[in-house]
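One file, coords_1.cif, carrying mmCIF, C-alpha atoms:
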data_data
#
loop_
_atom_site.label_atom_id
_atom_site.label_comp_id
_atom_site.auth_asym_id
_atom_site.auth_seq_id
_atom_site.Cartn_x
_atom_site.Cartn_y
_atom_site.Cartn_z
CA MET K 1 -24.99 2.71 -18.54
CA ILE K 2 -21.36 3.30 -19.51
CA PRO K 3 -19.41 5.53 -17.11
CA THR K 4 -18.74 8.80 -18.90
CA GLY K 5 -17.38 10.90 -16.07
CA ALA K 6 -13.84 11.12 -14.79
CA SER K 7 -12.83 10.60 -11.20
CA ILE K 8 -10.14 12.77 -9.67
CA TRP K 9 -8.58 11.55 -6.44
CA VAL K 10 -6.94 14.14 -4.21
CA GLU K 11 -4.41 12.37 -1.99
CA SER K 12 -1.61 13.18 0.41
CA GLN K 13 0.99 11.37 2.43
CA THR K 14 0.09 13.03 5.73
CA GLY K 15 -2.75 15.11 7.12
CA GLY K 16 -2.67 18.88 7.49
CA VAL K 17 -1.26 19.64 4.05
CA GLY K 18 -4.42 21.23 2.62
CA ARG K 19 -5.74 18.23 0.69
CA THR K 20 -9.38 18.71 1.77
CA VAL K 21 -9.34 22.42 0.95
CA ILE K 22 -7.91 21.72 -2.51
CA ALA K 23 -10.40 18.92 -3.18
CA ALA K 24 -13.34 21.12 -2.17
CA ASN K 25 -12.26 24.12 -4.20
CA LEU K 26 -11.19 22.09 -7.22
CA ALA K 27 -14.68 20.57 -7.25
CA PHE K 28 -16.27 24.02 -7.18
CA GLU K 29 -14.01 25.32 -9.96
CA LEU K 30 -14.91 22.31 -12.12
CA ALA K 31 -18.58 23.02 -11.39
CA ALA K 32 -18.02 26.67 -12.31
CA ASN K 33 -16.95 25.44 -15.77
CA GLY K 34 -20.47 24.11 -16.19
CA ARG K 35 -19.65 20.51 -15.38
CA ARG K 36 -21.78 18.18 -13.28
CA VAL K 37 -19.63 17.49 -10.23
CA CYS K 38 -19.94 15.19 -7.23
CA LEU K 39 -17.59 15.74 -4.29
CA ILE K 40 -17.16 12.67 -2.12
CA ASP K 41 -15.33 12.35 1.20
CA LEU K 42 -13.37 9.09 1.38
CA ASP K 43 -11.05 10.08 4.22
CA GLU K 44 -11.13 6.97 6.39
CA ARG K 45 -9.36 8.57 9.33
CA PHE K 46 -10.59 12.15 9.68
CA PRO K 47 -13.36 13.04 7.20
CA ALA K 48 -13.35 16.82 7.27
CA LEU K 49 -15.26 18.16 4.27
CA HIS K 50 -18.36 18.68 6.41
CA GLU K 51 -16.23 20.76 8.77
CA TYR K 52 -14.75 22.74 5.92
CA PHE K 53 -18.23 23.61 4.70
CA ALA K 54 -19.42 24.20 8.29
CA LEU K 55 -22.25 21.74 7.74
CA PRO K 56 -24.06 21.11 11.02
CA GLN K 57 -23.79 17.36 11.23
CA ARG K 58 -21.78 14.64 9.58
CA GLN K 59 -23.90 11.90 8.12
CA ALA K 60 -22.20 8.94 6.56
CA ALA K 61 -24.02 9.25 3.25
CA VAL K 62 -21.42 7.05 1.55
CA LEU K 63 -22.35 4.14 3.80
CA ALA K 64 -26.04 4.62 3.09
CA ALA K 65 -25.30 4.76 -0.65
CA LEU K 66 -23.33 1.51 -0.38
CA ARG K 67 -26.22 -0.17 1.39
CA PHE K 68 -28.68 0.92 -1.30
CA LEU K 69 -26.23 -0.19 -3.96
CA SER K 70 -25.82 -3.64 -2.40
CA GLN K 71 -29.62 -3.96 -2.47
CA ASP K 72 -29.67 -2.74 -6.09
CA ARG K 73 -31.83 0.21 -5.04
CA LEU K 74 -29.49 3.14 -5.69
CA ASP K 75 -31.34 5.25 -8.23
CA ASP K 76 -31.28 8.98 -8.98
CA ALA K 77 -33.96 9.67 -6.37
CA LYS K 78 -32.09 7.86 -3.61
CA LEU K 79 -28.83 9.54 -4.59
CA GLY K 80 -30.63 12.88 -4.51
CA GLU K 81 -31.73 12.19 -0.94
CA LEU K 82 -28.24 11.30 0.16
CA THR K 83 -26.33 14.15 -1.45
CA ALA K 84 -26.31 17.75 -0.33
CA ARG K 85 -26.32 20.40 -3.04
CA LEU K 86 -23.70 23.04 -2.35
CA VAL K 87 -24.10 26.33 -4.21
CA SER K 88 -21.61 29.15 -4.44
CA LYS K 89 -21.61 32.10 -6.83
CA GLY K 90 -23.30 30.29 -9.68
CA ALA K 91 -21.40 27.01 -9.20
CA ALA K 92 -23.29 24.04 -7.79
CA LEU K 93 -22.14 20.55 -6.91
CA ASP K 94 -23.43 17.51 -5.08
CA TYR K 95 -21.65 16.45 -1.91
CA LEU K 96 -21.61 12.93 -0.50
CA SER K 97 -20.39 12.91 3.10
CA GLY K 98 -17.89 10.35 4.25
CA PHE K 99 -17.23 7.71 6.83
CA GLY K 100 -14.71 7.39 9.66
CA LEU K 101 -12.29 4.70 10.64
CA ALA K 102 -14.86 3.41 13.12
CA ASP K 103 -17.16 2.55 10.24
CA ASN K 104 -15.12 -0.48 9.38
CA GLU K 105 -18.05 -2.31 7.85
CA ILE K 106 -17.17 -0.51 4.64
CA ALA K 107 -17.59 -2.82 1.64
CA PHE K 108 -14.74 -1.88 -0.65
CA ASP K 109 -16.00 -3.93 -3.59
CA GLN K 110 -19.28 -2.00 -3.39
CA LEU K 111 -17.36 1.26 -3.09
CA GLU K 112 -15.77 0.66 -6.47
CA LYS K 113 -19.24 0.10 -7.95
CA LEU K 114 -20.51 3.25 -6.24
CA LEU K 115 -17.75 5.30 -7.87
CA GLU K 116 -18.65 3.78 -11.24
CA ALA K 117 -22.31 4.62 -10.63
CA LEU K 118 -21.38 8.20 -9.79
CA CYS K 119 -19.24 8.46 -12.93
CA GLU K 120 -22.34 7.50 -14.93
CA ARG K 121 -24.23 10.45 -13.48
CA TYR K 122 -21.57 13.15 -13.21
CA ASP K 123 -18.89 14.63 -15.47
CA PHE K 124 -16.44 14.68 -12.57
CA VAL K 125 -16.28 12.82 -9.28
CA VAL K 126 -13.78 14.51 -6.97
CA VAL K 127 -12.58 12.25 -4.15
CA ASP K 128 -11.03 13.59 -0.96
CA ALA K 129 -8.98 10.50 -0.04
CA SER K 130 -7.27 9.63 3.24
CA ALA K 131 -3.73 10.37 4.18
CA GLU K 132 -2.29 6.93 4.95
CA ALA K 133 -5.28 5.33 3.25
CA SER K 134 -5.91 1.63 3.76
CA GLU K 135 -4.63 -0.70 1.05
CA PRO K 136 -8.12 -1.56 -0.30
CA LEU K 137 -8.91 2.13 -0.71
CA CYS K 138 -5.52 2.76 -2.39
CA GLU K 139 -6.23 -0.11 -4.74
CA ILE K 140 -9.61 1.37 -5.72
CA GLY K 141 -7.89 4.68 -6.35
CA ARG K 142 -5.32 3.06 -8.60
CA LYS K 143 -8.03 1.14 -10.47
CA THR K 144 -10.66 3.81 -10.93
CA ALA K 145 -9.02 7.22 -10.85
CA SER K 146 -8.69 9.11 -14.10
CA ARG K 147 -6.24 11.40 -12.36
CA ARG K 148 -4.65 11.27 -8.90
CA LEU K 149 -3.43 14.56 -7.44
CA PHE K 150 -0.86 14.10 -4.68
CA VAL K 151 -0.81 17.22 -2.47
CA VAL K 152 2.56 18.15 -1.02
CA PRO K 153 3.42 21.21 1.07
CA ALA K 154 5.86 23.33 -0.93
CA GLU K 155 8.51 23.66 1.74
CA THR K 156 11.72 21.88 2.60
CA VAL K 157 10.29 19.17 4.81
CA GLY K 158 7.38 18.48 2.48
CA LEU K 159 9.67 18.12 -0.54
CA ALA K 160 12.11 15.94 1.41
CA ARG K 161 9.24 13.70 2.44
CA LEU K 162 8.05 13.55 -1.17
CA ALA K 163 11.57 12.54 -2.23
CA SER K 164 11.55 9.70 0.28
CA VAL K 165 8.37 8.18 -1.20
CA ALA K 166 8.87 9.20 -4.83
CA THR K 167 10.01 5.75 -5.96
CA ASP K 168 6.97 4.04 -4.42
CA LEU K 169 4.68 6.69 -5.92
CA GLU K 170 6.18 6.26 -9.38
CA ALA K 171 5.67 2.50 -9.12
CA SER K 172 1.99 2.98 -8.27
CA SER K 173 1.25 5.94 -10.49
CA LEU K 174 0.19 4.12 -13.71
CA GLY K 175 0.55 7.45 -15.50
CA GLN K 176 -2.36 8.94 -13.60
CA LEU K 177 -0.48 10.65 -10.73
CA GLU K 178 0.42 14.34 -10.63
CA ILE K 179 1.82 16.46 -7.83
CA VAL K 180 0.15 19.58 -6.44
CA LEU K 181 2.52 21.79 -4.49
CA ASN K 182 0.51 23.65 -1.90
CA ARG K 183 1.12 26.79 0.17
CA ALA K 184 4.03 27.86 -1.99
CA ASN K 185 5.66 30.97 -0.60
CA ILE K 186 6.20 32.50 -4.03
CA GLY K 187 7.61 35.95 -4.49
CA SER K 188 8.19 36.79 -0.88
CA VAL K 189 11.60 37.23 0.72
CA GLY K 190 13.19 33.82 1.03
CA GLY K 191 10.46 32.27 -1.10
CA ARG K 192 11.01 30.20 -4.22
CA SER K 193 9.66 30.82 -7.66
CA ALA K 194 7.26 28.33 -9.20
CA ALA K 195 9.95 27.39 -11.75
CA GLN K 196 12.39 26.61 -8.94
CA LEU K 197 9.81 24.39 -7.29
CA HIS K 198 9.17 22.55 -10.55
CA LYS K 199 12.90 22.02 -10.95
CA ALA K 200 13.32 20.86 -7.35
CA VAL K 201 10.66 18.20 -7.89
CA ARG K 202 12.06 17.17 -11.31
CA ASP K 203 15.42 16.52 -9.62
CA PHE K 204 14.12 13.47 -7.81
CA THR K 205 10.98 12.28 -9.57
CA SER K 206 9.50 12.01 -13.02
CA ILE K 207 5.97 12.55 -11.70
CA PRO K 208 4.73 15.81 -13.27
CA VAL K 209 3.69 18.82 -11.22
CA ALA K 210 0.06 19.65 -11.99
CA ALA K 211 -0.11 22.94 -10.11
CA VAL K 212 1.66 25.20 -7.67
CA ILE K 213 -0.86 26.73 -5.26
CA PRO K 214 0.47 29.93 -3.69
CA SER K 215 0.21 30.54 0.01
CA ASP K 216 -2.90 32.67 0.49
CA GLN K 217 -4.51 34.35 3.45
CA LEU K 218 -7.91 33.93 1.78
CA PHE K 219 -7.47 30.16 2.02
CA ASP K 220 -7.57 30.39 5.81
CA GLU K 221 -10.36 32.94 5.69
CA ALA K 222 -12.53 30.67 3.56
CA ALA K 223 -11.96 27.74 5.93
CA ALA K 224 -12.78 29.91 8.93
CA ARG K 225 -16.03 31.04 7.36
CA GLY K 226 -17.00 27.57 6.17
CA MET K 227 -17.29 28.44 2.51
CA PRO K 228 -15.56 27.81 -0.80
CA LEU K 229 -12.63 30.00 -1.74
CA ARG K 230 -14.57 31.47 -4.67
CA GLN K 231 -17.06 32.78 -2.15
CA ALA K 232 -14.39 34.31 0.09
CA GLY K 233 -12.39 36.07 -2.57
CA GLN K 234 -12.33 36.05 -6.35
CA LYS K 235 -8.93 37.75 -6.32
CA SER K 236 -7.25 34.93 -4.48
CA LYS K 237 -4.05 33.73 -6.17
CA ALA K 238 -4.67 30.28 -4.79
CA LEU K 239 -8.13 30.27 -6.35
CA ALA K 240 -6.65 31.33 -9.69
CA ALA K 241 -4.18 28.43 -9.55
CA ILE K 242 -6.92 25.94 -8.66
CA GLY K 243 -9.10 27.42 -11.41
CA ASP K 244 -6.30 26.88 -13.96
CA LEU K 245 -5.90 23.30 -12.75
CA ALA K 246 -9.66 22.72 -13.04
CA GLU K 247 -9.73 24.14 -16.54
CA ARG K 248 -6.83 21.91 -17.60
CA LEU K 249 -8.47 18.84 -16.10
CA ALA K 250 -11.80 19.73 -17.69
CA THR K 251 -10.21 19.90 -21.13
CA THR K 252 -7.91 16.87 -20.85
CA LEU K 253 -10.08 14.30 -19.04
CA MET G 1 -31.91 16.98 -1.32
CA VAL G 2 -30.54 19.49 1.14
CA THR G 3 -29.30 22.62 -0.56
CA VAL G 4 -26.67 24.80 1.06
CA ASN G 5 -26.19 28.15 -0.61
CA PHE G 6 -23.06 29.94 0.45
CA GLY G 7 -24.51 33.16 -0.93
CA GLY G 8 -24.41 34.82 -4.32
CA SER G 9 -24.02 38.15 -6.00
CA SER G 10 -27.65 39.28 -6.19
CA SER G 11 -28.52 42.67 -7.60
CA LYS G 12 -29.44 43.83 -4.10
CA ALA G 13 -26.04 42.80 -2.81
CA ARG G 14 -24.36 44.61 -5.69
CA TYR G 15 -26.45 47.70 -4.96
CA LEU G 16 -25.46 47.62 -1.31
CA LYS G 17 -21.80 47.29 -2.22
CA ILE G 18 -21.83 50.61 -4.08
CA SER G 19 -24.40 52.44 -2.04
CA GLY G 20 -22.07 54.75 -0.18
CA ILE G 21 -18.66 55.28 1.21
CA GLY G 22 -19.95 54.88 4.75
CA LEU G 23 -20.91 51.30 4.08
CA VAL G 24 -17.50 50.63 2.52
CA VAL G 25 -15.84 51.99 5.64
CA VAL G 26 -17.94 49.66 7.80
CA VAL G 27 -17.10 46.66 5.60
CA VAL G 28 -13.39 47.51 5.70
CA ALA G 29 -13.56 47.83 9.48
CA VAL G 30 -15.32 44.47 9.79
CA CYS G 31 -12.78 42.82 7.47
CA LEU G 32 -9.91 44.32 9.44
CA LYS G 33 -11.45 43.02 12.64
CA PHE G 34 -11.83 39.59 11.03
CA PHE G 35 -8.21 39.46 9.90
CA VAL G 36 -6.83 40.77 13.16
CA PHE G 37 -8.97 38.92 15.66
CA ASN G 38 -9.94 35.67 13.98
CA GLN G 39 -6.41 34.42 13.57
CA GLN G 40 -5.18 32.08 16.22
CA GLN G 41 -1.77 30.86 17.08
CA TYR G 42 -0.91 27.20 16.58
CA LEU G 43 2.20 25.35 17.60
CA VAL G 44 4.42 23.85 14.94
CA PRO G 45 7.50 21.76 15.80
CA VAL G 46 10.82 23.04 14.46
CA HIS G 47 12.18 19.49 14.17
CA THR G 48 10.37 16.22 13.50
CA ILE G 49 9.29 14.55 16.75
CA ALA G 50 9.59 10.78 16.85
CA MET G 51 6.85 8.66 18.34
CA GLY G 52 7.22 8.42 22.13
CA GLU G 53 9.27 11.61 22.54
CA SER G 54 8.26 14.15 25.17
CA LEU G 55 6.70 17.29 23.73
CA GLU G 56 8.03 19.49 26.51
CA SER G 57 11.64 19.15 25.42
CA GLN G 58 10.97 20.15 21.80
CA LYS G 59 11.58 23.42 20.01
CA TRP G 60 8.42 25.09 18.74
CA ARG G 61 7.43 27.98 16.61
CA VAL G 62 4.07 29.63 16.32
CA ALA G 63 2.00 29.80 13.12
CA ASN G 64 -0.86 32.30 12.80
CA LEU G 65 -3.80 30.74 11.04
CA SER G 66 -7.56 31.05 10.84
CA LEU G 67 -8.84 27.49 10.85
CA GLY G 68 -12.32 28.17 12.14
CA SER G 69 -14.10 25.13 13.53
CA MET G 70 -11.25 22.87 12.41
CA GLY G 71 -8.88 24.65 14.79
CA VAL G 72 -10.03 22.66 17.82
CA ARG G 73 -8.17 19.64 16.47
CA TYR G 74 -4.77 21.26 16.68
CA LEU G 75 -2.49 22.37 19.47
CA LYS G 76 -2.88 26.09 20.14
CA GLY G 77 0.08 28.40 20.64
CA THR G 78 -1.31 29.63 23.95
CA VAL G 79 -0.75 26.35 25.80
CA LYS G 80 2.50 24.78 26.87
CA PRO G 81 2.76 21.43 25.06
CA ARG G 82 2.70 18.46 27.39
CA GLY G 83 2.60 14.72 26.94
CA PHE G 84 4.23 12.45 24.40
CA ALA G 85 3.97 11.95 20.66
CA SER G 86 1.79 8.92 19.98
CA GLN G 87 2.76 9.06 16.30
CA PRO G 88 5.51 10.84 14.37
CA ILE G 89 4.92 14.60 14.20
CA TYR G 90 6.76 16.11 11.27
CA ALA G 91 8.58 19.44 11.35
CA GLY G 92 6.39 22.24 10.06
CA ASP G 93 3.09 20.36 10.44
CA LEU G 94 0.33 21.41 12.78
CA VAL G 95 0.06 19.11 15.79
CA ALA G 96 -3.19 17.17 15.86
CA ARG G 97 -4.45 16.57 19.39
CA SER G 98 -4.95 12.94 18.44
CA ALA G 99 -1.16 12.67 18.01
CA ILE G 100 -0.54 13.38 21.70
CA SER G 101 -0.62 10.80 24.45
CA GLY G 102 -0.55 11.52 28.16
CA VAL G 103 1.28 8.28 28.87
CA ALA G 104 5.08 8.28 29.06
CA PRO G 105 6.79 5.79 26.73
CA SER G 106 8.70 4.40 29.73
CA GLU G 107 5.37 3.03 30.93
CA PHE G 108 5.24 0.80 27.87
CA VAL G 109 7.10 -2.32 26.94
CA ARG G 110 7.95 -2.78 23.27
CA LEU G 111 7.23 -6.24 21.94
CA VAL G 112 7.23 -7.72 18.47
CA VAL G 113 4.34 -10.14 18.19
CA THR G 114 3.43 -12.30 15.23
CA SER G 115 -0.21 -12.13 14.28
CA LYS G 116 -1.39 -15.55 13.13
CA THR G 117 -3.68 -14.04 10.52
CA ALA G 118 -3.40 -11.17 8.05
CA LEU G 119 -4.12 -7.82 9.67
CA GLY G 120 -7.36 -5.97 9.05
CA ALA G 121 -7.28 -2.77 7.03
CA SER G 122 -7.85 -0.73 10.17
CA ILE G 123 -4.68 -1.97 11.86
CA HIS G 124 -1.64 0.15 11.08
CA ALA G 125 0.92 2.24 12.95
CA GLY G 126 -0.97 4.26 15.56
CA SER G 127 -3.96 1.87 15.81
CA ILE G 128 -5.16 0.71 19.20
CA VAL G 129 -5.68 -3.05 19.34
CA ALA G 130 -6.40 -5.89 21.75
CA ILE G 131 -4.24 -9.00 21.78
CA TRP G 132 -6.01 -12.36 21.88
CA SER G 133 -4.51 -15.81 22.00
CA ALA G 134 -5.69 -19.41 22.03
CA ALA G 135 -3.36 -21.33 24.35
CA ARG G 136 -1.81 -24.40 22.75
CA LEU G 137 -2.79 -27.44 24.83
CA SER G 138 -1.02 -30.18 22.92
CA GLY G 139 -0.25 -30.74 19.27
CA ASN G 140 -3.02 -29.02 17.33
CA ASP G 141 -5.40 -28.76 20.29
CA PHE G 142 -6.09 -25.24 21.47
CA ASP G 143 -7.95 -23.71 24.39
CA ALA G 144 -10.72 -21.14 23.76
CA PRO G 145 -9.21 -17.76 22.78
CA LYS G 146 -8.66 -15.32 25.64
CA ARG G 147 -7.99 -11.60 25.62
CA LEU G 148 -4.46 -11.12 26.92
CA ALA G 149 -4.08 -7.34 26.62
CA GLY G 150 -6.13 -4.32 25.68
CA ALA G 151 -5.37 -0.71 24.69
CA VAL G 152 -2.20 -1.84 22.96
CA SER G 153 -0.68 0.70 20.59
CA VAL G 154 0.74 -0.47 17.26
CA ALA G 155 4.16 1.12 16.69
CA ARG G 156 4.77 -0.39 13.27
CA VAL G 157 3.74 -3.23 11.02
CA MET G 158 6.62 -5.17 9.52
CA LYS G 159 5.66 -6.57 6.15
CA GLN G 160 6.95 -10.01 5.30
CA GLN G 161 8.27 -10.21 1.80
CA GLY G 162 9.81 -12.83 -0.37
CA VAL G 163 9.14 -16.41 -1.31
CA PHE G 164 8.48 -17.60 2.21
CA ALA G 165 6.19 -14.74 3.27
CA SER G 166 3.05 -16.04 4.92
CA LYS G 167 -0.18 -14.45 6.07
CA ALA G 168 1.35 -14.17 9.54
CA GLN G 169 2.55 -10.65 10.20
CA ASP G 170 5.08 -9.21 12.63
CA VAL G 171 3.83 -6.20 14.52
CA GLU G 172 5.75 -4.04 16.98
CA VAL G 173 3.44 -2.97 19.80
CA LEU G 174 3.62 -0.77 22.89
CA ILE G 175 2.07 -2.65 25.77
CA ASN G 176 1.44 -2.05 29.46
CA PRO G 177 4.14 -3.95 31.46
CA LEU G 178 1.44 -5.59 33.58
CA GLN G 179 -0.06 -7.16 30.46
CA ALA G 180 3.27 -8.09 28.87
CA PRO G 181 3.91 -11.41 30.76
CA ALA G 182 0.71 -13.00 29.44
CA VAL G 183 1.65 -12.06 25.85
CA ILE G 184 5.26 -13.24 26.23
CA SER G 185 4.00 -16.49 27.74
CA ALA G 186 1.75 -17.05 24.73
CA MET G 187 4.66 -16.37 22.38
CA ALA G 188 6.92 -18.74 24.34
CA THR G 189 4.41 -21.59 24.13
CA ASP G 190 3.91 -21.00 20.41
CA SER G 191 0.23 -20.20 20.92
CA PRO G 192 -1.37 -18.34 18.00
CA ILE G 193 -1.79 -14.60 18.58
CA PHE G 194 -4.43 -12.40 17.01
CA LEU G 195 -4.70 -8.61 16.90
CA VAL G 196 -8.19 -7.15 17.05
CA ALA G 197 -8.74 -3.45 16.32
CA GLN G 198 -10.31 -1.54 19.19
CA GLU G 199 -10.72 1.86 17.56
#

Can I see the file as structure tokens?
Amino acid sequence: MIPTGASIWVESQTGGVGRTVIAANLAFELAANGRRVCLIDLDERFPALHEYFALPQRQAAVLAALRFLSQDRLDDAKLGELTARLVSKGAALDYLSGFGLADNEIAFDQLEKLLEALCERYDFVVVDASAEASEPLCEIGRKTASRRLFVVPAETVGLARLASVATDLEASSLGQLEIVLNRANIGSVGGRSAAQLHKAVRDFTSIPVAAVIPSDQLFDEAAARGMPLRQAGQKSKALAAIGDLAERLATTL
Amino acid sequence: MVTVNFGGSSSKARYLKISGIGLVVVVVAVCLKFFVFNQQQYLVPVHTIAMGESLESQKWRVANLSLGSMGVRYLKGTVKPRGFASQPIYAGDLVARSAISGVAPSEFVRLVVTSKTALGASIHAGSIVAIWSAARLSGNDFDAPKRLAGAVSVARVMKQQGVFASKAQDVEVLINPLQAPAVISAMATDSPIFLVAQE
């Protein structure tokens, strides 16, 4: 089978910038557009999607899938057993839980094949990738990703840190990398406008800004309640921004 | 396949939403309670804290967030920060508990060791490793490898570049002073050193 789906890698330089929340909600917004979506946790250090969704127990479904794949036994039925179907307000996606740093038996060559196999079955494979990912994982991202979204906190330190790695990012981007500015304090006293943020980023890098996600109380509320943002509040500005990003990705990829 | 439904907008739910102002009042009260009481305070450093620095001497501000079950990973605003940064903590970021060490940096010795082989993917700044070495007996004869030090923290990995770069890799480590002599001795006798990930 020829892979037909696109894989979207959500990456960040450090933890705690909202990468997992964006990956999870982007996946749901793509699913809400009627696409078949698989959300996969490839955070080697602190896989957290299961915590975000308040799932009771983390099971390293990715590792099991890799084992089946290495034995040439990964079919739709097996994949169905390994994935959890997450449903929210008419949007449904399949979730493949991740592995931790301790699981260092990970076979990266098989992982690349697994992503290809998933792209054969789904329209979009959304990957929540590690901050400070290992080189083999970075390499797979560069090779297989249709689009890489690099999440950066939209404040002074975050932008300064982005500036310090911009050259390296540009060298590795292969035209697939875009920046997502998260928790932007737009419109409030002392906050910057989205246009200002775009300009600030353009001043030091040619990597395009894919989206500016406004700071949003509902973001925290959704995380606290273990549910997607679309479940917590349809009027969320952050959700609207992620929805726009999903729509753009759905039409361009 | 396990199915997790986060809930939907059934007709019953819609009916309940509009079934009376009393219910709306209750919902508003519950939401207010959620917003007011579910937020917790988390500590955020004002300036970036370098690895090894004491947390007590830093300036902090408090961020109000509702992180739910993920909140246990981060330093709460209700506790006085103690210990030392085991990895850089950047200004404005939440402080992961895993980034805090109870051991003072003065209790470590900093050494740059050269790993004979390329490092595994799991060895990077912040990793905990053991140091092994096979003592050089004479010429190309080596003793059986022995573990020289454990619970060694990797401070940074220095990449070799250029024409003469080899698989050997220089790594700066923080090591217990009691274990340092054995490692220095191995380096002095040109015995090959290997780093093995422990976590």

Write out as a Markdown table the residues of chain K that have any atom within 6 Å of an atom of chain G, one row each with the nearest atom pair and its distance in Å to one decimal, counting only C-alpha atoms, sorted by chain and then rising number.
| residue | atom | partner | partner_atom | distance |
| --- | --- | --- | --- | --- |
| K:Gly80 | CA | G:Met1 | CA | 5.4 |
| K:Glu81 | CA | G:Met1 | CA | 4.8 |
| K:Ala84 | CA | G:Val2 | CA | 4.8 |
| K:Arg85 | CA | G:Thr3 | CA | 4.5 |
| K:Leu86 | CA | G:Val4 | CA | 4.9 |
| K:Val87 | CA | G:Asn5 | CA | 4.5 |
| K:Ser88 | CA | G:Phe6 | CA | 5.2 |
| K:Lys89 | CA | G:Gly8 | CA | 4.6 |
| K:Ser134 | CA | G:Ala121 | CA | 5.7 |
| K:Asp220 | CA | G:Ser66 | CA | 5.1 |
| K:Ala223 | CA | G:Leu67 | CA | 5.8 |
| K:Ala224 | CA | G:Gly68 | CA | 3.7 |

Item to check | Residues within 10 Å of Ala65 of chain K, all atoms listed in the file, excluding chain neighbours under 2 positions, as a list of chain:residue names | outcome: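 The contact residues come out as K:Ala60, K:Ala61, K:Val62, K:Leu63, K:Arg67, K:Phe68, K:Leu69, K:Ser70, K:Gln71, K:Arg73, K:Leu74, K:Asp75, K:Lys78, K:Leu79, K:Glu81, K:Leu82, K:Thr83, K:Leu96, K:Gln110, K:Leu111, K:Leu114.
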
Print the selection's residues with C-alpha atoms to a file, as a PDB file, in the frame of the given file.
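Result file is out-v3.pdb:
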ATOM      1  CA  ALA K  60     -22.200   8.940   6.560  1.00  0.00           C
ATOM      2  CA  ALA K  61     -24.020   9.250   3.250  1.00  0.00           C
ATOM      3  CA  VAL K  62     -21.420   7.050   1.550  1.00  0.00           C
ATOM      4  CA  LEU K  63     -22.350   4.140   3.800  1.00  0.00           C
ATOM      5  CA  ARG K  67     -26.220  -0.170   1.390  1.00  0.00           C
ATOM      6  CA  PHE K  68     -28.680   0.920  -1.300  1.00  0.00           C
ATOM      7  CA  LEU K  69     -26.230  -0.190  -3.960  1.00  0.00           C
ATOM      8  CA  SER K  70     -25.820  -3.640  -2.400  1.00  0.00           C
ATOM      9  CA  GLN K  71     -29.620  -3.960  -2.470  1.00  0.00           C
ATOM     10  CA  ARG K  73     -31.830   0.210  -5.040  1.00  0.00           C
ATOM     11  CA  LEU K  74     -29.490   3.140  -5.690  1.00  0.00           C
ATOM     12  CA  ASP K  75     -31.340   5.250  -8.230  1.00  0.00           C
ATOM     13  CA  LYS K  78     -32.090   7.860  -3.610  1.00  0.00           C
ATOM     14  CA  LEU K  79     -28.830   9.540  -4.590  1.00  0.00           C
ATOM     15  CA  GLU K  81     -31.730  12.190  -0.940  1.00  0.00           C
ATOM     16  CA  LEU K  82     -28.240  11.300   0.160  1.00  0.00           C
ATOM     17  CA  THR K  83     -26.330  14.150  -1.450  1.00  0.00           C
ATOM     18  CA  LEU K  96     -21.610  12.930  -0.500  1.00  0.00           C
ATOM     19  CA  GLN K 110     -19.280  -2.000  -3.390  1.00  0.00           C
ATOM     20  CA  LEU K 111     -17.360   1.260  -3.090  1.00  0.00           C
ATOM     21  CA  LEU K 114     -20.510   3.250  -6.240  1.00  0.00           C
TER      22      LEU K 114
END

Checklist entry - If we count all atoms listed in the file, what is near Pro145 of chain G at a cut-off of 9 Å, once residues fewer than 4 positions away on the same chain are taken out, given as a PyMOL selection string? => result chain G and resi 132-135

Checklist entry - What residues come out when you apply the PyMOL selection byres ((chain K and resi 149-161) around 6) to this file, written as a PyMOL selection string? => result chain K and resi 10-12+17+19+148+162-164+177-184

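Checking K:Ala54, K:Val212, K:Ala91, K:Ala6 one by one against Arg225 of chain K, counting all atoms listed in the file, you find the shortest gap at K:Ala54.
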
Item to check | Residue among K:Glu132, K:Asp72, K:Glu170, K:Asp216 lying closest to Asp43 of chain K, counting only C-alpha atoms | outcome: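 The closest residue to Asp43 of chain K is K:Glu132.
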
Item to check | Expected answer as a PyMOL selection string: all residues with atoms within 12 Å of (-18.8, 7.0, 2.8), only C-alpha atoms | outcome: chain K and resi 39-47+49+58-67+82-83+95-108+110-112+114-115+127-130+137

Item to check | Of the listed residues K:Val126, K:Ala210, K:Val37, K:Val165, that which approaches Gly141 of chain K most closely, counting all atoms listed in the file | outcome: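 Answer, going by the shortest atom-to-atom distance: K:Val126.
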
Item to check | Distance query 10 Å from (-4.5, -13.9, 22.8) using all atoms listed in the file, result as a PyMOL selection string | outcome: chain G and resi 115+130-135+144-149+182-183+186-187+191-196

Adding 3 Å on each side of the box along x, y and z that holds all listed atoms of segment 1-16 of chain K, could you give its centre and edge lengths in Å to one decimal, as lines of an AutoDock Vina configuration file?
center_x = -12.0
center_y = 10.8
center_z = -6.0
size_x = 32.0
size_y = 22.2
size_z = 33.0

Item to check | Explicit residues for the PyMOL selection byres ((chain G and resi 170) around 9) (as a PyMOL selection string) | outcome: chain G and resi 112-115+156-160+168-169+171-172

Just-selected residues, C-alpha atoms written as a short mmCIF file (atom, residue, chain, number, x, y, z; two decimals), in the coordinates of the input:
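The resulting file, result-v2.cif, is shown below:
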data_model
loop_
_atom_site.label_atom_id
_atom_site.label_comp_id
_atom_site.auth_asym_id
_atom_site.auth_seq_id
_atom_site.Cartn_x
_atom_site.Cartn_y
_atom_site.Cartn_z
CA VAL G 112 7.23 -7.72 18.47
CA VAL G 113 4.34 -10.14 18.19
CA THR G 114 3.43 -12.30 15.23
CA SER G 115 -0.21 -12.13 14.28
CA ARG G 156 4.77 -0.39 13.27
CA VAL G 157 3.74 -3.23 11.02
CA MET G 158 6.62 -5.17 9.52
CA LYS G 159 5.66 -6.57 6.15
CA GLN G 160 6.95 -10.01 5.30
CA ALA G 168 1.35 -14.17 9.54
CA GLN G 169 2.55 -10.65 10.20
CA VAL G 171 3.83 -6.20 14.52
CA GLU G 172 5.75 -4.04 16.98
#
